[in-house]
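entry_27.pdb follows; it contains PDB, C-alpha atoms.
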MODEL        1
ATOM      1  CA  MET A   1       5.387 -18.936-133.469
ATOM      2  CA  ASN A   2       5.215 -16.400-136.277
ATOM      3  CA  ARG A   3       2.541 -14.437-134.498
ATOM      4  CA  HIS A   4       4.934 -13.569-131.713
ATOM      5  CA  LEU A   5       7.987 -13.048-133.855
ATOM      6  CA  ILE A   6       6.464 -10.336-136.030
ATOM      7  CA  PRO A   7       5.727  -7.838-133.220
ATOM      8  CA  LEU A   8       9.142  -8.601-131.763
ATOM      9  CA  ALA A   9      10.796  -7.872-135.111
ATOM     10  CA  ILE A  10       8.855  -4.612-135.424
ATOM     11  CA  PHE A  11       9.892  -3.688-131.901
ATOM     12  CA  VAL A  12      13.563  -4.394-132.600
ATOM     13  CA  VAL A  13      13.476  -2.262-135.764
ATOM     14  CA  LEU A  14      11.804   0.547-133.846
ATOM     15  CA  VAL A  15      14.407   0.386-131.079
ATOM     16  CA  LEU A  16      17.204   0.491-133.656
ATOM     17  CA  PHE A  17      15.722   3.560-135.319
ATOM     18  CA  LEU A  18      15.254   5.304-131.972
ATOM     19  CA  ALA A  19      18.759   4.387-130.823
ATOM     20  CA  VAL A  20      20.291   5.867-133.968
ATOM     21  CA  GLY A  21      17.996   8.889-133.764
ATOM     22  CA  LEU A  22      18.967   9.604-130.177
ATOM     23  CA  ARG A  23      22.638   9.591-131.057
ATOM     24  CA  LEU A  24      22.269  12.111-133.850
ATOM     25  CA  ASN A  25      22.776  15.720-132.963
ATOM     26  CA  PRO A  26      19.980  17.730-134.579
ATOM     27  CA  ARG A  27      22.149  20.831-134.456
ATOM     28  CA  GLU A  28      24.747  19.269-136.707
ATOM     29  CA  ILE A  29      23.461  19.920-140.167
ATOM     30  CA  PRO A  30      25.798  18.804-142.933
ATOM     31  CA  SER A  31      27.133  21.905-144.615
ATOM     32  CA  PRO A  32      26.580  22.212-148.357
ATOM     33  CA  LEU A  33      29.863  24.136-148.474
ATOM     34  CA  ILE A  34      32.058  21.078-147.987
ATOM     35  CA  ASN A  35      34.324  20.622-151.024
ATOM     36  CA  LYS A  36      33.234  24.013-152.350
ATOM     37  CA  PRO A  37      35.423  27.109-152.561
ATOM     38  CA  ALA A  38      35.387  29.166-149.380
ATOM     39  CA  PRO A  39      33.091  32.168-149.949
ATOM     40  CA  ALA A  40      35.070  35.298-150.686
ATOM     41  CA  PHE A  41      35.377  38.075-148.141
ATOM     42  CA  GLU A  42      37.294  41.258-147.748
ATOM     43  CA  LEU A  43      37.159  42.279-144.127
ATOM     44  CA  PRO A  44      39.158  44.481-141.779
ATOM     45  CA  GLN A  45      41.528  42.933-139.282
ATOM     46  CA  LEU A  46      40.366  43.093-135.718
ATOM     47  CA  HIS A  47      43.625  44.537-134.423
ATOM     48  CA  GLN A  48      44.320  46.751-137.423
ATOM     49  CA  PRO A  49      40.987  47.828-138.895
ATOM     50  CA  ASP A  50      42.766  49.734-141.672
ATOM     51  CA  HIS A  51      44.131  46.505-143.094
ATOM     52  CA  LYS A  52      41.762  44.334-145.053
ATOM     53  CA  VAL A  53      42.122  40.615-145.546
ATOM     54  CA  SER A  54      40.602  38.397-148.212
ATOM     55  CA  VAL A  55      40.330  34.651-148.720
ATOM     56  CA  ALA A  56      42.710  34.922-151.671
ATOM     57  CA  ASP A  57      45.476  36.046-149.265
ATOM     58  CA  MET A  58      45.389  32.608-147.648
ATOM     59  CA  ARG A  59      46.113  30.655-150.838
ATOM     60  CA  GLY A  60      48.851  28.095-150.644
ATOM     61  CA  LYS A  61      48.346  27.023-147.055
ATOM     62  CA  VAL A  62      46.024  24.822-145.093
ATOM     63  CA  TRP A  63      44.300  26.904-142.454
ATOM     64  CA  LEU A  64      41.486  26.901-139.956
ATOM     65  CA  LEU A  65      38.806  29.552-139.899
ATOM     66  CA  ASN A  66      37.319  29.695-136.427
ATOM     67  CA  VAL A  67      34.125  31.705-135.998
ATOM     68  CA  TRP A  68      34.033  33.224-132.540
ATOM     69  CA  ALA A  69      32.551  36.060-130.504
ATOM     70  CA  SER A  70      33.054  37.482-127.054
ATOM     71  CA  TRP A  71      29.343  36.919-126.304
ATOM     72  CA  CYS A  72      29.595  33.253-127.176
ATOM     73  CA  VAL A  73      29.714  31.004-124.112
ATOM     74  CA  SER A  74      30.803  27.823-125.882
ATOM     75  CA  CYS A  75      33.737  29.723-127.382
ATOM     76  CA  ARG A  76      35.257  29.907-123.910
ATOM     77  CA  GLN A  77      34.888  26.180-123.629
ATOM     78  CA  GLU A  78      36.921  25.482-126.757
ATOM     79  CA  HIS A  79      39.341  28.356-126.294
ATOM     80  CA  PRO A  80      42.066  26.568-124.269
ATOM     81  CA  LEU A  81      42.168  23.884-126.948
ATOM     82  CA  LEU A  82      42.676  26.519-129.644
ATOM     83  CA  VAL A  83      45.485  28.125-127.657
ATOM     84  CA  GLU A  84      47.119  24.735-127.267
ATOM     85  CA  LEU A  85      46.707  23.983-130.975
ATOM     86  CA  SER A  86      48.132  27.353-131.869
ATOM     87  CA  ASN A  87      51.172  26.775-129.641
ATOM     88  CA  SER A  88      51.775  23.386-131.236
ATOM     89  CA  GLY A  89      52.089  25.141-134.605
ATOM     90  CA  ALA A  90      50.249  22.322-136.379
ATOM     91  CA  VAL A  91      48.033  24.625-138.394
ATOM     92  CA  PRO A  92      47.483  28.391-138.523
ATOM     93  CA  ILE A  93      44.169  29.500-137.018
ATOM     94  CA  TYR A  94      42.387  32.571-138.307
ATOM     95  CA  GLY A  95      39.489  33.992-136.352
ATOM     96  CA  LEU A  96      36.275  35.360-137.777
ATOM     97  CA  ASN A  97      34.978  37.661-135.082
ATOM     98  CA  TYR A  98      31.251  37.353-135.675
ATOM     99  CA  LYS A  99      28.732  40.081-134.776
ATOM    100  CA  ASP A 100      30.812  41.405-131.937
ATOM    101  CA  GLN A 101      31.882  44.750-130.572
ATOM    102  CA  ARG A 102      35.495  45.506-131.371
ATOM    103  CA  THR A 103      36.423  46.535-127.820
ATOM    104  CA  ASP A 104      34.702  43.469-126.343
ATOM    105  CA  ALA A 105      36.536  41.212-128.756
ATOM    106  CA  LEU A 106      39.927  42.774-128.014
ATOM    107  CA  GLY A 107      39.318  42.533-124.275
ATOM    108  CA  TRP A 108      38.278  38.921-124.606
ATOM    109  CA  LEU A 109      41.481  37.986-126.431
ATOM    110  CA  GLN A 110      43.539  39.840-123.870
ATOM    111  CA  GLU A 111      41.872  37.989-121.037
ATOM    112  CA  PHE A 112      41.846  34.463-122.466
ATOM    113  CA  GLY A 113      44.835  34.549-124.810
ATOM    114  CA  ASN A 114      44.979  34.989-128.560
ATOM    115  CA  PRO A 115      45.415  31.782-130.548
ATOM    116  CA  TYR A 116      44.785  33.482-133.879
ATOM    117  CA  VAL A 117      47.326  34.494-136.476
ATOM    118  CA  MET A 118      44.817  37.249-136.984
ATOM    119  CA  SER A 119      41.148  37.845-136.468
ATOM    120  CA  ILE A 120      38.899  39.539-138.971
ATOM    121  CA  SER A 121      35.812  41.492-138.062
ATOM    122  CA  ASP A 122      32.415  40.561-139.414
ATOM    123  CA  LEU A 123      30.412  43.090-137.433
ATOM    124  CA  GLU A 124      27.208  42.786-139.465
ATOM    125  CA  GLY A 125      27.374  39.026-139.817
ATOM    126  CA  HIS A 126      27.120  39.109-143.628
ATOM    127  CA  ILE A 127      30.122  36.867-144.109
ATOM    128  CA  GLY A 128      28.733  34.603-141.411
ATOM    129  CA  ILE A 129      25.654  34.120-143.585
ATOM    130  CA  ASP A 130      27.837  33.357-146.608
ATOM    131  CA  TYR A 131      29.565  30.654-144.586
ATOM    132  CA  GLY A 132      26.246  29.286-143.340
ATOM    133  CA  VAL A 133      27.115  30.071-139.736
ATOM    134  CA  TYR A 134      24.233  29.397-137.362
ATOM    135  CA  GLY A 135      25.843  28.170-134.175
ATOM    136  CA  VAL A 136      28.984  29.897-132.996
ATOM    137  CA  PRO A 137      31.650  28.581-132.534
ATOM    138  CA  GLU A 138      32.161  26.951-135.895
ATOM    139  CA  THR A 139      35.440  25.937-137.463
ATOM    140  CA  PHE A 140      36.265  25.385-141.108
ATOM    141  CA  VAL A 141      39.284  23.517-142.452
ATOM    142  CA  ILE A 142      40.302  25.165-145.716
ATOM    143  CA  ASP A 143      42.909  23.705-148.053
ATOM    144  CA  LYS A 144      45.668  25.238-150.159
ATOM    145  CA  GLU A 145      43.325  25.908-153.068
ATOM    146  CA  GLY A 146      40.811  27.640-150.825
ATOM    147  CA  ILE A 147      38.359  24.725-150.760
ATOM    148  CA  ILE A 148      36.436  24.031-147.542
ATOM    149  CA  ARG A 149      37.181  20.465-146.480
ATOM    150  CA  TYR A 150      35.540  20.172-143.099
ATOM    151  CA  LYS A 151      33.224  22.081-140.836
ATOM    152  CA  GLN A 152      32.994  21.655-137.097
ATOM    153  CA  ILE A 153      29.729  22.939-135.683
ATOM    154  CA  GLY A 154      29.946  23.915-132.049
ATOM    155  CA  PRO A 155      33.111  23.819-129.951
ATOM    156  CA  ILE A 156      36.050  21.713-131.108
ATOM    157  CA  THR A 157      36.365  18.737-128.818
ATOM    158  CA  PRO A 158      39.696  16.999-128.160
ATOM    159  CA  GLU A 159      38.268  13.953-129.999
ATOM    160  CA  ALA A 160      37.251  15.962-133.052
ATOM    161  CA  LEU A 161      40.685  17.564-133.084
ATOM    162  CA  SER A 162      42.722  14.372-132.871
ATOM    163  CA  ASN A 163      40.406  12.142-134.910
ATOM    164  CA  LYS A 164      39.276  14.456-137.658
ATOM    165  CA  ILE A 165      40.865  17.873-137.882
ATOM    166  CA  LEU A 166      44.545  17.083-137.368
ATOM    167  CA  PRO A 167      44.593  13.972-139.622
ATOM    168  CA  LEU A 168      42.793  15.992-142.294
ATOM    169  CA  VAL A 169      45.295  18.838-141.994
ATOM    170  CA  ARG A 170      48.197  16.380-142.300
ATOM    171  CA  GLN A 171      46.598  14.766-145.331
ATOM    172  CA  LEU A 172      45.971  18.125-147.009
ATOM    173  CA  ASN A 173      49.515  19.246-146.296
ATOM    174  CA  GLY A 174      50.999  15.952-147.449
TER     175      GLY A 174
ATOM    176  CA  MET B   1      -5.918  60.871-102.855
ATOM    177  CA  ILE B   2      -6.083  62.928-106.005
ATOM    178  CA  GLY B   3      -2.316  62.831-106.166
ATOM    179  CA  ARG B   4      -2.375  59.048-106.004
ATOM    180  CA  LEU B   5      -5.016  58.797-108.686
ATOM    181  CA  LEU B   6      -3.025  61.085-110.884
ATOM    182  CA  ALA B   7       0.123  59.049-110.307
ATOM    183  CA  ALA B   8      -1.710  55.816-111.086
ATOM    184  CA  SER B   9      -3.231  57.140-114.273
ATOM    185  CA  LEU B  10       0.092  58.585-115.369
ATOM    186  CA  LEU B  11       1.728  55.235-114.749
ATOM    187  CA  THR B  12      -0.947  53.461-116.777
ATOM    188  CA  LEU B  13      -0.526  55.918-119.592
ATOM    189  CA  TRP B  14       3.211  55.468-119.508
ATOM    190  CA  CYS B  15       2.870  51.699-119.666
ATOM    191  CA  THR B  16       0.682  51.836-122.739
ATOM    192  CA  LEU B  17       3.165  54.113-124.425
ATOM    193  CA  LEU B  18       6.086  51.871-123.550
ATOM    194  CA  PRO B  19       6.912  49.638-126.509
ATOM    195  CA  ALA B  20       7.045  45.929-125.620
ATOM    196  CA  LYS B  21      10.179  45.409-127.634
ATOM    197  CA  GLU B  22      12.178  47.332-130.097
ATOM    198  CA  ALA B  23      10.353  46.939-133.371
ATOM    199  CA  ALA B  24      12.214  44.980-136.006
ATOM    200  CA  PRO B  25      13.106  47.076-139.014
ATOM    201  CA  ILE B  26      10.486  46.609-141.686
ATOM    202  CA  ALA B  27      10.316  47.914-145.166
ATOM    203  CA  GLU B  28       8.234  51.003-145.741
ATOM    204  CA  ASP B  29       6.576  49.133-148.547
ATOM    205  CA  PRO B  30       3.886  46.695-147.304
ATOM    206  CA  ILE B  31       3.915  44.715-150.558
ATOM    207  CA  LEU B  32       7.648  44.126-150.225
ATOM    208  CA  GLU B  33       7.183  43.192-146.573
ATOM    209  CA  ALA B  34       4.510  40.657-147.511
ATOM    210  CA  ARG B  35       6.931  39.057-149.993
ATOM    211  CA  VAL B  36       9.666  38.994-147.359
ATOM    212  CA  MET B  37       7.381  37.248-144.900
ATOM    213  CA  ALA B  38       6.080  34.813-147.536
ATOM    214  CA  LEU B  39       9.646  33.749-148.338
ATOM    215  CA  ALA B  40      10.670  33.719-144.687
ATOM    216  CA  GLY B  41       7.712  31.437-143.968
ATOM    217  CA  GLU B  42       9.203  28.828-146.307
ATOM    218  CA  LEU B  43      12.587  28.823-144.585
ATOM    219  CA  ARG B  44      13.611  27.057-141.423
ATOM    220  CA  CYS B  45      15.466  28.908-138.722
ATOM    221  CA  LEU B  46      18.567  26.851-137.990
ATOM    222  CA  VAL B  47      18.884  28.113-134.440
ATOM    223  CA  CYS B  48      15.370  27.221-133.304
ATOM    224  CA  GLN B  49      14.698  24.483-135.763
ATOM    225  CA  ASN B  50      10.963  24.156-135.328
ATOM    226  CA  GLN B  51      10.296  27.724-136.329
ATOM    227  CA  THR B  52      10.330  29.448-139.651
ATOM    228  CA  ILE B  53      12.506  32.471-140.212
ATOM    229  CA  ALA B  54       9.265  34.461-140.269
ATOM    230  CA  ASP B  55       8.298  33.288-136.769
ATOM    231  CA  SER B  56      11.634  33.232-135.038
ATOM    232  CA  GLN B  57      13.119  36.087-133.076
ATOM    233  CA  ALA B  58      16.595  34.536-133.047
ATOM    234  CA  ASP B  59      19.334  36.894-134.207
ATOM    235  CA  LEU B  60      20.050  34.742-137.214
ATOM    236  CA  ALA B  61      16.395  34.813-138.288
ATOM    237  CA  VAL B  62      16.309  38.608-138.009
ATOM    238  CA  ASP B  63      19.515  38.827-140.060
ATOM    239  CA  LEU B  64      18.153  36.487-142.697
ATOM    240  CA  ARG B  65      14.890  38.432-142.952
ATOM    241  CA  ASN B  66      16.953  41.569-143.504
ATOM    242  CA  GLN B  67      18.996  39.726-146.092
ATOM    243  CA  ILE B  68      15.844  38.626-147.953
ATOM    244  CA  ARG B  69      14.534  42.192-147.841
ATOM    245  CA  GLU B  70      17.792  43.551-149.285
ATOM    246  CA  GLN B  71      17.820  40.937-151.998
ATOM    247  CA  LEU B  72      14.224  41.603-153.010
ATOM    248  CA  LYS B  73      15.005  45.298-153.186
ATOM    249  CA  ARG B  74      17.919  44.468-155.462
ATOM    250  CA  GLY B  75      15.429  42.692-157.714
ATOM    251  CA  MET B  76      16.350  39.064-157.061
ATOM    252  CA  SER B  77      13.600  36.559-157.793
ATOM    253  CA  ASP B  78      12.063  34.299-155.121
ATOM    254  CA  GLN B  79      13.816  31.310-156.649
ATOM    255  CA  GLN B  80      17.184  33.068-156.631
ATOM    256  CA  ILE B  81      16.772  33.867-152.937
ATOM    257  CA  MET B  82      15.787  30.286-152.110
ATOM    258  CA  ASP B  83      18.853  29.053-154.026
ATOM    259  CA  TYR B  84      21.014  31.532-152.122
ATOM    260  CA  MET B  85      19.792  30.119-148.797
ATOM    261  CA  VAL B  86      20.176  26.496-149.877
ATOM    262  CA  GLN B  87      23.731  27.167-151.093
ATOM    263  CA  ARG B  88      24.669  28.332-147.622
ATOM    264  CA  PHE B  89      22.568  26.286-145.247
ATOM    265  CA  GLY B  90      21.642  23.205-147.312
ATOM    266  CA  ASP B  91      18.267  21.665-148.058
ATOM    267  CA  PHE B  92      17.571  21.589-144.342
ATOM    268  CA  VAL B  93      16.691  25.265-144.531
ATOM    269  CA  LEU B  94      13.686  24.496-146.722
ATOM    270  CA  TYR B  95      10.456  23.582-144.985
ATOM    271  CA  ARG B  96       9.471  21.808-148.193
ATOM    272  CA  PRO B  97      12.543  19.755-149.079
ATOM    273  CA  PRO B  98      13.069  18.898-152.761
ATOM    274  CA  VAL B  99      12.214  15.406-153.984
ATOM    275  CA  LYS B 100      15.555  13.590-154.323
ATOM    276  CA  THR B 101      16.782  10.065-153.807
ATOM    277  CA  ILE B 102      17.571  10.726-150.157
ATOM    278  CA  THR B 103      14.215  12.376-149.485
ATOM    279  CA  TRP B 104      12.093   9.689-151.163
ATOM    280  CA  LEU B 105      11.389   8.026-147.832
ATOM    281  CA  LEU B 106      10.391  11.383-146.384
ATOM    282  CA  TRP B 107       8.016  12.219-149.221
ATOM    283  CA  PHE B 108       6.602   8.793-149.979
ATOM    284  CA  GLY B 109       6.987   7.150-146.555
ATOM    285  CA  PRO B 110       3.526   8.176-145.326
ATOM    286  CA  ALA B 111       1.860   6.869-148.497
ATOM    287  CA  LEU B 112       3.899   3.675-148.133
ATOM    288  CA  LEU B 113       2.720   3.283-144.545
ATOM    289  CA  LEU B 114      -0.878   3.924-145.585
ATOM    290  CA  VAL B 115      -0.756   1.324-148.363
ATOM    291  CA  GLY B 116       1.076  -1.154-146.128
ATOM    292  CA  GLY B 117      -1.307  -0.609-143.224
ATOM    293  CA  GLY B 118      -4.301  -0.895-145.542
ATOM    294  CA  GLY B 119      -2.877  -4.130-146.967
ATOM    295  CA  ILE B 120      -2.407  -5.647-143.514
ATOM    296  CA  LEU B 121      -5.892  -4.553-142.484
ATOM    297  CA  PHE B 122      -7.441  -6.021-145.641
ATOM    298  CA  TYR B 123      -5.500  -9.260-145.216
ATOM    299  CA  SER B 124      -6.441  -9.764-141.565
ATOM    300  CA  ILE B 125     -10.104  -8.894-142.156
ATOM    301  CA  SER B 126     -10.382 -11.321-145.031
ATOM    302  CA  ARG B 127      -8.668 -13.999-142.944
ATOM    303  CA  ARG B 128     -11.083 -13.440-140.103
ATOM    304  CA  ARG B 129     -13.998 -13.618-142.507
ATOM    305  CA  LYS B 130     -12.780 -16.996-143.708
ATOM    306  CA  GLN B 131     -12.387 -18.239-140.141
ATOM    307  CA  ALA B 132     -15.824 -16.969-139.257
ATOM    308  CA  GLY B 133     -17.182 -18.807-142.308
ATOM    309  CA  ALA B 134     -15.501 -22.017-141.218
ATOM    310  CA  ASN B 135     -17.043 -21.737-137.773
ATOM    311  CA  VAL B 136     -20.631 -21.901-138.962
ATOM    312  CA  LEU B 137     -22.322 -24.882-137.322
ATOM    313  CA  SER B 138     -23.810 -27.638-139.363
ATOM    314  CA  LYS B 139     -27.515 -28.364-138.962
ATOM    315  CA  ASP B 140     -26.868 -31.318-136.653
ATOM    316  CA  GLU B 141     -24.576 -29.278-134.454
ATOM    317  CA  GLN B 142     -27.080 -26.471-134.318
ATOM    318  CA  ALA B 143     -29.831 -28.842-133.201
ATOM    319  CA  ARG B 144     -27.551 -30.263-130.536
ATOM    320  CA  ALA B 145     -26.547 -26.854-129.334
ATOM    321  CA  SER B 146     -30.130 -25.683-128.910
ATOM    322  CA  ALA B 147     -30.992 -28.944-127.180
ATOM    323  CA  LEU B 148     -28.130 -28.411-124.745
ATOM    324  CA  LEU B 149     -29.207 -24.852-124.124
ATOM    325  CA  GLY B 150     -32.669 -26.182-123.393
ATOM    326  CA  HIS B 151     -34.476 -23.666-125.530
ATOM    327  CA  SER B 152     -35.926 -23.591-128.920
ATOM    328  CA  THR B 153     -34.196 -21.214-131.262
ATOM    329  CA  GLY B 154     -35.899 -17.946-130.802
ATOM    330  CA  ARG B 155     -35.046 -15.182-128.432
ATOM    331  CA  ASP B 156     -31.762 -16.738-127.422
ATOM    332  CA  ALA B 157     -30.665 -17.626-130.866
ATOM    333  CA  ARG B 158     -28.634 -14.520-131.083
TER     334      ARG B 158
ENDMDL
END

Represent the structure of the file as structure tokens.
Amino acid sequence: MNRHLIPLAIFVVLVLFLAVGLRLNPREIPSPLINKPAPAFELPQLHQPDHKVSVADMRGKVWLLNVWASWCVSCRQEHPLLVELSNSGAVPIYGLNYKDQRTDALGWLQEFGNPYVMSISDLEGHIGIDYGVYGVPETFVIDKEGIIRYKQIGPITPEALSNKILPLVRQLNG
Amino acid sequence: MIGRLLAASLLTLWCTLLPAKEAAPIAEDPILEARVMALAGELRCLVCQNQTIADSQADLAVDLRNQIREQLKRGMSDQQIMDYMVQRFGDFVLYRPPVKTITWLLWFGPALLLVGGGGILFYSISRRRKQAGANVLSKDEQARASALLGHSTGRDAR
């Protein structure tokens, strides 16, 4: 009896491990920046390069920082959702235009719509490194004190928006 | 004919002169470059996760190599640079993760498996030994067995 149960038990454990492993997304690496202050930046606005913006300017509101680029294919996928979110007025979205050409970025926004309160240009990608960006698009939820509360790696899905991001924004605003 | 030969040799020459890819910017200083590559070899590229930052040609890896180079030039220590990377990308960026509670299984798992496997092996061998010992025939049984086989113990006794 025991002789047959032991291999079966080992098999079941193995299947469980594999099942969990298959469901994990290896690209989703937990960010060490969660619950840490958003790294400082002082970057020019995409539309008005003479004007610089810093993290400190955002104090006092809950906001999303969406890392995007005109060369990024998945950004197109999430873009309609961002436009919709922006129209709903639930939370202000700021764009970090990552390693892009200014003209390309402007053209892209013109073509697909601009959901951002403003976009800031990180042409060299230095600020991207500070934010641990490795897979554009990425979205950070940042609270009133400038603390990063959540990071979405890859495009925002409708599920992630309604199950995680929006409840979190409501909670942080509440 | 001569024209063709000339064209062919010119083409060959041109091909050898043609760079395969734009060379990545490297420091003029080979000692610095060696340090950059040594550090980059300890860091995982998050875009192509099975490669180090030294191996990978992903944009991010190139950027991070440049970042390491800048930081070394500014006089940051190896440890400071590693800390800088971990702060931004987490322990995952290290090819040699630190020993912590959550990495115990990772570090000690193989030893655990070895000890466990060795234990099972030892146990089953000793059990088999005992069984083999119990199976030894008594003298009477041995005599009967050789009688049944119709031979004296000798060649066939094996």

Interface list for chain B, partner chain A, 10 Å threshold, all atoms listed in the file, as an MDAnalysis selection string
chainID B and resid 45:49 59:61 63:64 67 84:93

Counting only C-alpha atoms, find the residues whose atoms lie at most 12 Å from (14.6, 41.6, -147.9) (file coordinates) and write them out as a compact mmCIF listing (two decimals) with C-alpha atoms, keeping the file's coordinate frame.
# COMPACT_ATOMS: atom_id res chain seq x y z
CA PRO B 25 13.11 47.08 -139.01
CA ILE B 26 10.49 46.61 -141.69
CA ALA B 27 10.32 47.91 -145.17
CA GLU B 28 8.23 51.00 -145.74
CA ASP B 29 6.58 49.13 -148.55
CA PRO B 30 3.89 46.70 -147.30
CA ILE B 31 3.92 44.72 -150.56
CA LEU B 32 7.65 44.13 -150.22
CA GLU B 33 7.18 43.19 -146.57
CA ALA B 34 4.51 40.66 -147.51
CA ARG B 35 6.93 39.06 -149.99
CA VAL B 36 9.67 38.99 -147.36
CA MET B 37 7.38 37.25 -144.90
CA ALA B 38 6.08 34.81 -147.54
CA LEU B 39 9.65 33.75 -148.34
CA ALA B 40 10.67 33.72 -144.69
CA ALA B 54 9.26 34.46 -140.27
CA ALA B 61 16.40 34.81 -138.29
CA VAL B 62 16.31 38.61 -138.01
CA ASP B 63 19.52 38.83 -140.06
CA LEU B 64 18.15 36.49 -142.70
CA ARG B 65 14.89 38.43 -142.95
CA ASN B 66 16.95 41.57 -143.50
CA GLN B 67 19.00 39.73 -146.09
CA ILE B 68 15.84 38.63 -147.95
CA ARG B 69 14.53 42.19 -147.84
CA GLU B 70 17.79 43.55 -149.28
CA GLN B 71 17.82 40.94 -152.00
CA LEU B 72 14.22 41.60 -153.01
CA LYS B 73 15.00 45.30 -153.19
CA ARG B 74 17.92 44.47 -155.46
CA GLY B 75 15.43 42.69 -157.71
CA MET B 76 16.35 39.06 -157.06
CA SER B 77 13.60 36.56 -157.79
CA ASP B 78 12.06 34.30 -155.12
CA ILE B 81 16.77 33.87 -152.94

So which residues fall inside 7 Å of (33.8, 23.0, -149.5) if we count all atoms listed in the file? Mind giving them as an NGL selection string?
:A and (33-38 or 147-149)

Store the residues picked out above in a file with C-alpha atoms, as an mmCIF file, in the frame of the given file.
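Dumped to result-v1.cif:
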data_model
loop_
_atom_site.group_PDB
_atom_site.id
_atom_site.type_symbol
_atom_site.label_atom_id
_atom_site.label_comp_id
_atom_site.auth_asym_id
_atom_site.auth_seq_id
_atom_site.Cartn_x
_atom_site.Cartn_y
_atom_site.Cartn_z
ATOM 1 C CA LEU A 33 29.863 24.136 -148.474
ATOM 2 C CA ILE A 34 32.058 21.078 -147.987
ATOM 3 C CA ASN A 35 34.324 20.622 -151.024
ATOM 4 C CA LYS A 36 33.234 24.013 -152.350
ATOM 5 C CA PRO A 37 35.423 27.109 -152.561
ATOM 6 C CA ALA A 38 35.387 29.166 -149.380
ATOM 7 C CA ILE A 147 38.359 24.725 -150.760
ATOM 8 C CA ILE A 148 36.436 24.031 -147.542
ATOM 9 C CA ARG A 149 37.181 20.465 -146.480
#

Give me the result of the PyMOL selection byres ((chain A and resi 80) around 12) on this file, residue by residue, as number ranges by chain.
A: 74-79, 81-87, 109, 111-115, 155-158

Could you work out how far CA of Ile6 (chain A) lies from CA of Arg127 (chain B), giving the answer in Å with one decimal?
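Straight-line distance from CA of Arg127 (chain B) to CA of Ile6 (chain A) works out to 17.0 Å.
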
Using Å and a single decimal, report how far CA of Ser138 (chain B) sits from CA of Ser124 (chain B).
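Pair CA of Ser124 (chain B) / CA of Ser138 (chain B) returns 25.0 Å.
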
What is the CA of Leu18 (chain A) to CA of Leu113 (chain B) distance in Å?
17.9 Å

Shell of 12 Å around Gly174 (chain A), all atoms listed in the file, local chain residues under 5 positions omitted, as a list in words:
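Everything that qualifies: Lys61, Val62, Asp143, Lys144, Pro167, Leu168 and Val169 of chain A.
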
So that I can check the surroundings of Val117 (chain A), please list as an mmCIF file with C-alpha atoms, in the frame of the given file every protein, DNA and RNA residue that reaches within 9 Å of it, counting only C-alpha atoms and ignoring chain neighbours fewer than 4 positions away.
data_model
loop_
_atom_site.group_PDB
_atom_site.id
_atom_site.type_symbol
_atom_site.label_atom_id
_atom_site.label_comp_id
_atom_site.auth_asym_id
_atom_site.auth_seq_id
_atom_site.Cartn_x
_atom_site.Cartn_y
_atom_site.Cartn_z
ATOM 1 C CA SER A 86 48.132 27.353 -131.869
ATOM 2 C CA PRO A 92 47.483 28.391 -138.523
ATOM 3 C CA ILE A 93 44.169 29.500 -137.018
ATOM 4 C CA TYR A 94 42.387 32.571 -138.307
ATOM 5 C CA GLY A 95 39.489 33.992 -136.352
#

Please expand the PyMOL selection byres ((chain A and resi 40) around 8) into the concrete residues it hits in this file, giving the result as a CSV table (one decimal) with C-alpha atoms, in the coordinates of the input.
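For reference, selection.csv as written:
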chain,number,residue,atom,x,y,z
A,38,ALA,CA,35.4,29.2,-149.4
A,39,PRO,CA,33.1,32.2,-149.9
A,41,PHE,CA,35.4,38.1,-148.1
A,42,GLU,CA,37.3,41.3,-147.7
A,54,SER,CA,40.6,38.4,-148.2
A,55,VAL,CA,40.3,34.7,-148.7
A,56,ALA,CA,42.7,34.9,-151.7

Excluding Gln101 (chain A) and its own-chain neighbours fewer than 5 positions away, which residues fall within 12 Å of it when counting all atoms listed in the file? Please give them as a ChimeraX atom specification.
/A:46,68-71,106-108,121-125

Name all residues at most 6 Å from Thr52 (chain B) (count only C-alpha atoms; drop same-chain ones fewer than 4 positions away) and give them as a count of residues only.
4
